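> Supplied structure: run.pdb, PDB, C-alpha atoms and all ligand atoms.
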```pdb
MODEL        1
ATOM      1  CA  MET A   1       0.000   0.000   0.000
ATOM      2  CA  TYR A   2       2.776   2.431   1.008
ATOM      3  CA  LYS A   3       4.981   1.514  -1.992
ATOM      4  CA  MET A   4       2.061   1.808  -4.385
ATOM      5  CA  LEU A   5       1.062   5.260  -3.125
ATOM      6  CA  LEU A   6       4.669   6.433  -3.171
ATOM      7  CA  HIS A   7       5.079   5.380  -6.817
ATOM      8  CA  ALA A   8       1.786   7.036  -7.728
ATOM      9  CA  HIS A   9       2.750  10.274  -5.925
ATOM     10  CA  SER A  10       6.199  10.236  -7.493
ATOM     11  CA  GLY A  11       4.963   9.599 -11.063
ATOM     12  CA  LEU A  12       2.022  11.989 -10.815
ATOM     13  CA  ARG A  13       4.459  14.865 -10.280
ATOM     14  CA  TRP A  14       5.160  14.782 -14.053
ATOM     15  CA  LEU A  15       1.475  15.118 -14.934
ATOM     16  CA  VAL A  16       1.084  17.946 -12.404
ATOM     17  CA  LEU A  17       4.075  19.775 -13.913
ATOM     18  CA  LEU A  18       2.955  19.115 -17.497
ATOM     19  CA  PHE A  19      -0.590  20.407 -16.979
ATOM     20  CA  LEU A  20       0.523  23.437 -14.970
ATOM     21  CA  VAL A  21       2.962  24.381 -17.760
ATOM     22  CA  LEU A  22       0.228  23.853 -20.390
ATOM     23  CA  ALA A  23      -2.255  25.924 -18.360
ATOM     24  CA  ILE A  24       0.276  28.761 -17.964
ATOM     25  CA  ALA A  25       1.278  28.702 -21.649
ATOM     26  CA  THR A  26      -2.306  28.666 -22.938
ATOM     27  CA  ALA A  27      -3.307  31.367 -20.428
ATOM     28  CA  TRP A  28      -0.495  33.560 -21.756
ATOM     29  CA  SER A  29      -1.530  33.025 -25.367
ATOM     30  CA  ASN A  30      -5.259  33.525 -24.704
ATOM     31  CA  TRP A  31      -4.534  36.627 -22.679
ATOM     32  CA  SER A  32      -2.512  38.175 -25.518
ATOM     33  CA  LYS A  33      -5.284  37.264 -27.984
ATOM     34  CA  LYS A  34      -7.814  38.855 -25.571
ATOM     35  CA  ALA A  35      -9.923  35.690 -25.782
ATOM     36  CA  ASP A  36     -12.888  35.287 -23.435
ATOM     37  CA  TYR A  37     -12.211  33.235 -20.314
ATOM     38  CA  PRO A  38     -12.451  30.241 -20.124
ATOM     39  CA  ALA A  39     -10.921  28.963 -23.360
ATOM     40  CA  GLY A  40     -10.199  25.245 -23.076
ATOM     41  CA  LYS A  41      -9.809  22.879 -20.155
ATOM     42  CA  MET A  42      -6.133  23.360 -19.186
ATOM     43  CA  PRO A  43      -6.690  25.398 -15.992
ATOM     44  CA  LEU A  44      -9.213  22.798 -14.776
ATOM     45  CA  LEU A  45      -6.922  19.851 -15.625
ATOM     46  CA  GLY A  46      -4.010  21.517 -13.834
ATOM     47  CA  LEU A  47      -6.250  22.018 -10.792
ATOM     48  CA  ILE A  48      -7.503  18.411 -10.819
ATOM     49  CA  PHE A  49      -4.053  16.792 -11.067
ATOM     50  CA  THR A  50      -2.721  19.084  -8.336
ATOM     51  CA  HIS A  51      -5.619  18.121  -6.044
ATOM     52  CA  VAL A  52      -5.178  14.387  -6.676
ATOM     53  CA  GLN A  53      -1.513  14.870  -5.731
ATOM     54  CA  LEU A  54      -2.650  16.637  -2.553
ATOM     55  CA  VAL A  55      -4.846  13.676  -1.548
ATOM     56  CA  LEU A  56      -2.038  11.140  -2.178
ATOM     57  CA  GLY A  57       0.393  13.390  -0.283
ATOM     58  CA  PHE A  58      -1.909  13.553   2.745
ATOM     59  CA  ILE A  59      -2.238   9.764   2.950
ATOM     60  CA  LEU A  60       1.553   9.389   2.566
ATOM     61  CA  TYR A  61       2.070  11.938   5.311
ATOM     62  CA  PHE A  62       0.453   9.562   7.794
ATOM     63  CA  ILE A  63       2.180   6.360   6.693
ATOM     64  CA  SER A  64       5.621   7.456   5.501
ATOM     65  CA  PRO A  65       8.628   6.522   7.646
ATOM     66  CA  LYS A  66      10.137   9.842   6.533
ATOM     67  CA  VAL A  67       7.518  11.820   8.480
ATOM     68  CA  GLN A  68       8.211  11.771  12.201
ATOM     69  CA  PHE A  69       7.343  13.862  15.190
ATOM     70  CA  ALA A  70       9.968  12.690  17.659
ATOM     71  CA  SER A  71      12.405  15.238  19.059
ATOM     72  CA  GLY A  72      15.493  15.625  16.891
ATOM     73  CA  VAL A  73      13.520  15.624  13.624
ATOM     74  CA  MET A  74      14.585  19.221  12.944
ATOM     75  CA  LYS A  75      18.242  18.226  13.057
ATOM     76  CA  ASP A  76      17.847  15.554  10.354
ATOM     77  CA  SER A  77      17.546  17.298   6.986
ATOM     78  CA  MET A  78      15.611  14.459   5.327
ATOM     79  CA  LEU A  79      13.042  14.053   8.116
ATOM     80  CA  ARG A  80      12.683  17.831   8.397
ATOM     81  CA  PHE A  81      12.142  18.138   4.653
ATOM     82  CA  TYR A  82       9.225  15.659   4.509
ATOM     83  CA  THR A  83       7.714  16.454   7.923
ATOM     84  CA  VAL A  84       7.779  20.264   7.580
ATOM     85  CA  GLU A  85       9.141  21.819   4.379
ATOM     86  CA  HIS A  86       7.589  19.678   1.629
ATOM     87  CA  ILE A  87       4.056  19.780   3.048
ATOM     88  CA  SER A  88       4.118  23.509   3.929
ATOM     89  CA  LEU A  89       5.336  24.818   0.589
ATOM     90  CA  MET A  90       3.166  22.382  -1.388
ATOM     91  CA  LEU A  91       0.085  23.452   0.586
ATOM     92  CA  ILE A  92       0.816  27.133  -0.108
ATOM     93  CA  ALA A  93       1.289  26.337  -3.812
ATOM     94  CA  ILE A  94      -1.964  24.353  -4.009
ATOM     95  CA  VAL A  95      -3.936  27.056  -2.150
ATOM     96  CA  LEU A  96      -2.621  29.674  -4.629
ATOM     97  CA  ILE A  97      -3.562  27.528  -7.638
ATOM     98  CA  THR A  98      -7.040  26.912  -6.203
ATOM     99  CA  MET A  99      -7.525  30.621  -5.438
ATOM    100  CA  GLY A 100      -6.380  31.528  -8.954
ATOM    101  CA  TYR A 101      -8.839  29.091 -10.509
ATOM    102  CA  SER A 102     -11.834  30.395  -8.571
ATOM    103  CA  LYS A 103     -10.834  34.072  -8.897
ATOM    104  CA  ALA A 104     -10.460  33.676 -12.685
ATOM    105  CA  LYS A 105     -14.064  32.462 -12.960
ATOM    106  CA  ARG A 106     -15.374  35.494 -11.081
ATOM    107  CA  GLN A 107     -13.513  38.147 -13.103
ATOM    108  CA  THR A 108     -15.983  40.597 -14.670
ATOM    109  CA  GLU A 109     -13.802  41.705 -17.569
ATOM    110  CA  LYS A 110     -13.717  38.445 -19.541
ATOM    111  CA  ALA A 111     -10.107  38.299 -20.807
ATOM    112  CA  ARG A 112      -8.692  39.022 -17.327
ATOM    113  CA  GLY A 113      -9.317  35.438 -16.200
ATOM    114  CA  HIS A 114      -6.342  34.319 -18.307
ATOM    115  CA  LYS A 115      -4.056  36.808 -16.584
ATOM    116  CA  THR A 116      -5.231  35.572 -13.175
ATOM    117  CA  ILE A 117      -4.542  31.948 -14.131
ATOM    118  CA  TYR A 118      -1.150  32.925 -15.539
ATOM    119  CA  THR A 119      -0.048  34.739 -12.369
ATOM    120  CA  PHE A 120      -1.360  32.335  -9.704
ATOM    121  CA  TYR A 121      -0.394  29.141 -11.542
ATOM    122  CA  LEU A 122       3.105  30.473 -12.290
ATOM    123  CA  ILE A 123       3.798  31.288  -8.631
ATOM    124  CA  GLY A 124       2.348  27.886  -7.646
ATOM    125  CA  LEU A 125       4.532  26.113 -10.215
ATOM    126  CA  ILE A 126       7.693  27.838  -8.983
ATOM    127  CA  LEU A 127       6.909  26.820  -5.375
ATOM    128  CA  ILE A 128       6.215  23.236  -6.466
ATOM    129  CA  LEU A 129       9.472  23.030  -8.453
ATOM    130  CA  ALA A 130      11.342  24.342  -5.421
ATOM    131  CA  SER A 131       9.792  21.778  -3.052
ATOM    132  CA  ILE A 132      10.074  18.584  -5.097
ATOM    133  CA  PRO A 133      12.685  16.217  -3.598
ATOM    134  CA  TRP A 134      14.697  16.019  -6.853
ATOM    135  CA  PRO A 135      17.321  13.209  -6.771
ATOM    136  CA  PHE A 136      20.201  15.722  -6.783
ATOM    137  CA  ARG A 137      18.940  17.129  -3.464
ATOM    138  CA  ASN A 138      19.819  13.819  -1.760
ATOM    139  CA  LEU A 139      16.477  13.455   0.001
ATOM    140  CA  GLY A 140      16.097   9.781  -0.776
ATOM    141  CA  ALA A 141      13.747  10.191  -3.759
ATOM    142  CA  GLY A 142      14.044   9.222  -7.447
ATOM    143  CA  TRP A 143      12.971  10.659 -10.807
ATOM    144  CA  PHE A 144       9.790   8.572 -11.104
TER     145      PHE A 144
HETATM  146  C1  LIG A 201       1.876  19.289  -6.305
HETATM  147  C2  LIG A 201       2.257  18.907  -5.120
HETATM  148  C3  LIG A 201       3.258  17.815  -4.819
HETATM  149  C4  LIG A 201       4.244  17.249  -5.598
HETATM  150  C5  LIG A 201       4.611  17.590  -7.042
HETATM  151  C6  LIG A 201       4.909  16.253  -4.785
HETATM  152  C7  LIG A 201       5.975  15.462  -5.191
HETATM  153  C8  LIG A 201       6.617  14.526  -4.419
HETATM  154  C9  LIG A 201       7.716  13.694  -4.852
HETATM  155  C10 LIG A 201       8.323  13.736  -6.244
HETATM  156  C11 LIG A 201       8.079  12.898  -3.799
HETATM  157  C12 LIG A 201       9.189  11.847  -3.798
HETATM  158  C13 LIG A 201       8.647  10.493  -4.094
HETATM  159  C14 LIG A 201       9.754   9.460  -4.206
HETATM  160  O1  LIG A 201      10.313   9.057  -3.168
HETATM  161  O2  LIG A 201      10.089   9.066  -5.332
HETATM  162  C15 LIG A 201       7.214  13.242  -2.690
HETATM  163  C16 LIG A 201       7.271  12.635  -1.465
HETATM  164  C17 LIG A 201       6.395  12.884  -0.443
HETATM  165  N1  LIG A 201       5.321  13.770  -0.478
HETATM  166 FE1  LIG A 201       4.837  14.991  -1.975
HETATM  167  N2  LIG A 201       4.316  16.226  -3.539
HETATM  168  C18 LIG A 201       3.303  17.168  -3.519
HETATM  169  C19 LIG A 201       2.474  17.484  -2.469
HETATM  170  C20 LIG A 201       2.499  16.852  -1.251
HETATM  171  C21 LIG A 201       1.648  17.189  -0.128
HETATM  172  C22 LIG A 201       0.612  18.322  -0.134
HETATM  173  C23 LIG A 201       1.969  16.325   0.875
HETATM  174  C24 LIG A 201       1.393  16.202   2.250
HETATM  175  C25 LIG A 201       0.188  16.538   2.574
HETATM  176  C26 LIG A 201       3.018  15.455   0.408
HETATM  177  C27 LIG A 201       3.610  14.450   1.146
HETATM  178  C28 LIG A 201       4.701  13.714   0.759
HETATM  179  C29 LIG A 201       5.390  12.753   1.607
HETATM  180  C30 LIG A 201       5.014  12.386   3.030
HETATM  181  C31 LIG A 201       6.450  12.225   0.856
HETATM  182  C32 LIG A 201       7.507  11.229   1.337
HETATM  183  C33 LIG A 201       7.094   9.833   1.015
HETATM  184  C34 LIG A 201       8.189   8.847   1.362
HETATM  185  O3  LIG A 201       9.246   8.827   0.700
HETATM  186  O4  LIG A 201       7.992   8.082   2.314
HETATM  187  N3  LIG A 201       3.314  15.802  -0.893
HETATM  188  N4  LIG A 201       6.332  14.228  -3.090
ENDMDL
END
```
Will you turn the file into structure tokens for me?
Ligand code: HEM


Amino acid sequence: MYKMLLHAHSGLRWLVLLFLVLAIATAWSNWSKKADYPAGKMPLLGLIFTHVQLVLGFILYFISPKVQFASGVMKDSMLRFYTVEHISLMLIAIVLITMGYSKAKRQTEKARGHKTIYTFYLIGLILILASIPWPFRNLGAGWF
């Protein structure tokens, strides 16, 4: 169960990144064309994949051996990363993406929704890229 969820969470990162990049790129192009918002499903797909990742992450948080609450966790960079840093930054990123999606829908001037998606999703993407345990960060995680 743990191994399966870990593989799913690890692999899903690529779909999250892909759909966030596609949502940002199409938002940029629709914004410059002054198209009415929404135009296409990319912002919604980016939101859905990010939220599925959130659910998997929450389950992992309770079963992972790399999440611990004993004293001394803050001194171990790997335990600290998964117990504190990864979850905090990812939650901020996901809240921003969710806020961007719902704010874009409520924008009165139609083309502005694309700009909202562009800004919120871009900040979210940067935070996500910064908090992924990439193999070169030596946090015990792989590429897939
Ligand atoms: C878009 C958001 C997220 C992305 C892209 C992401 C990505 C990743 C990746 C790539 C790993 C390494 C997997 C491996 O070992 O190969 C990981 C591990 C982990 N993630 Fe996330 N994550 C996200 C959000 C979250 C959230 C919100 C939580 C908690 C609520 C979470 C909890 C964890 C935990 C506990 C591990 C360590 C699992 C282990 O090795 O035992 N993740 N995450």

> Could you state which residues are captured by the PyMOL selection byres (((chain A and resi 43-47) around 6) and not hetatm) in this file, as a list in words?

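For this structure, the PyMOL selection byres (((chain A and resi 43-47) around 6) and not hetatm) captures Phe19, Leu20, Ala23, Lys41, Met42, Ile48, Phe49 and Thr50 of chain A.
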
> Just the selected residues (C-alpha atoms), exported as a CSV table (one decimal), in the frame of the given file, please.


```csv
chain,number,residue,atom,x,y,z
A,19,PHE,CA,-0.6,20.4,-17.0
A,20,LEU,CA,0.5,23.4,-15.0
A,23,ALA,CA,-2.3,25.9,-18.4
A,41,LYS,CA,-9.8,22.9,-20.2
A,42,MET,CA,-6.1,23.4,-19.2
A,48,ILE,CA,-7.5,18.4,-10.8
A,49,PHE,CA,-4.1,16.8,-11.1
A,50,THR,CA,-2.7,19.1,-8.3
```

> Name the residues captured by the PyMOL selection byres (((not hetatm)) within 7 of (chain A and resi 201)) when it is applied to the shown file; answer as a CSV table (one decimal) with C-alpha atoms, in the coordinates of the input.


```
chain,number,residue,atom,x,y,z
A,6,LEU,CA,4.7,6.4,-3.2
A,7,HIS,CA,5.1,5.4,-6.8
A,9,HIS,CA,2.8,10.3,-5.9
A,10,SER,CA,6.2,10.2,-7.5
A,13,ARG,CA,4.5,14.9,-10.3
A,16,VAL,CA,1.1,17.9,-12.4
A,50,THR,CA,-2.7,19.1,-8.3
A,53,GLN,CA,-1.5,14.9,-5.7
A,54,LEU,CA,-2.6,16.6,-2.6
A,57,GLY,CA,0.4,13.4,-0.3
A,58,PHE,CA,-1.9,13.6,2.7
A,60,LEU,CA,1.6,9.4,2.6
A,61,TYR,CA,2.1,11.9,5.3
A,64,SER,CA,5.6,7.5,5.5
A,65,PRO,CA,8.6,6.5,7.6
A,66,LYS,CA,10.1,9.8,6.5
A,67,VAL,CA,7.5,11.8,8.5
A,82,TYR,CA,9.2,15.7,4.5
A,83,THR,CA,7.7,16.5,7.9
A,86,HIS,CA,7.6,19.7,1.6
A,87,ILE,CA,4.1,19.8,3.0
A,90,MET,CA,3.2,22.4,-1.4
A,91,LEU,CA,0.1,23.5,0.6
A,94,ILE,CA,-2.0,24.4,-4.0
A,128,ILE,CA,6.2,23.2,-6.5
A,132,ILE,CA,10.1,18.6,-5.1
A,133,PRO,CA,12.7,16.2,-3.6
A,134,TRP,CA,14.7,16.0,-6.9
A,140,GLY,CA,16.1,9.8,-0.8
A,141,ALA,CA,13.7,10.2,-3.8
A,142,GLY,CA,14.0,9.2,-7.4
A,143,TRP,CA,13.0,10.7,-10.8
A,144,PHE,CA,9.8,8.6,-11.1
```

> Smallest atom-to-atom distance to Thr116 in chain A: which of A:Met99, A:Val84, A:Met4, A:Leu139, using all atoms listed in the file?

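Of A:Met99, A:Val84, A:Met4, A:Leu139, the one nearest Thr116 in chain A is A:Met99, counting all atoms listed in the file.
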
> Could you work out how far CA of Ile117 in chain A lies from CA of Trp14 in chain A, giving the answer in Å with one decimal?

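Interatomic distance, CA of Trp14 in chain A to CA of Ile117 in chain A: 19.7 Å.
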
> Pick from A:Phe120, A:Tyr2, A:Trp31, A:Phe81: nearest to Thr98 in chain A, with only C-alpha atoms counted?

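Going through A:Phe120, A:Tyr2, A:Trp31, A:Phe81 one by one, the smallest distance to Thr98 in chain A is for A:Phe120.
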
> Could you jot down the CA of Leu129 in chain A to CA of Arg80 in chain A separation for me, Å, one decimal place?

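Computing the Euclidean distance for CA of Leu129 in chain A and CA of Arg80 in chain A yields 17.9 Å.
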
> Selection in question (the file shown): the PyMOL selection byres (((chain A and resi 102-113) around 6) and not hetatm). Which residues does it include, as a PyMOL selection string?

chain A and resi 34-37+99-101+114-116

> What is the distance between CA of Gly11 in chain A and CA of Asp76 in chain A, in Å to one decimal?

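Distance reported for this atom pair: 25.7 Å.
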
> Give the answer as one residue: which of A:Lys3, A:Leu125, A:Pro38, A:Ser131 has the shortest atom-to-atom distance to Val95 in chain A, using all atoms listed in the file?

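Among the listed residues, the smallest separation from Val95 in chain A belongs to A:Leu125.
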
> Counting all atoms listed in the file, which of A:Leu12, A:Thr119, A:Met1, A:Arg137 gets nearest to His51 in chain A?

A:Leu12

> So, counting all atoms listed in the file, which residue among A:Ala8, A:Ala27, A:Ile59, A:Leu15 is closest to Leu122 in chain A?

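Among the listed residues, A:Ala27 lies closest to Leu122 in chain A.
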
> Go through A:Leu22, A:Leu17, A:Leu5, A:Leu127 one by one, measure the shortest atom-to-atom distance of each to Leu89 in chain A using only C-alpha atoms, and give the residue with the smallest value.

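The closest residue to Leu89 in chain A is A:Leu127.
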
> Name the residues in contact with Ala25 in chain A at a cut-off of 8 Å, using all atoms listed in the file, excluding same-chain residues fewer than 4 positions from it; report them as a PyMOL selection string.

chain A and resi 21+29+118

> Selected residues, C-alpha atoms, written as a short mmCIF file (atom, residue, chain, number, x, y, z; two decimals), in the frame of the given file, please.


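That gives us part_2.cif:
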```cif
data_model
loop_
_atom_site.label_atom_id
_atom_site.label_comp_id
_atom_site.auth_asym_id
_atom_site.auth_seq_id
_atom_site.Cartn_x
_atom_site.Cartn_y
_atom_site.Cartn_z
CA VAL A 21 2.96 24.38 -17.76
CA SER A 29 -1.53 33.02 -25.37
CA TYR A 118 -1.15 32.92 -15.54
#
```
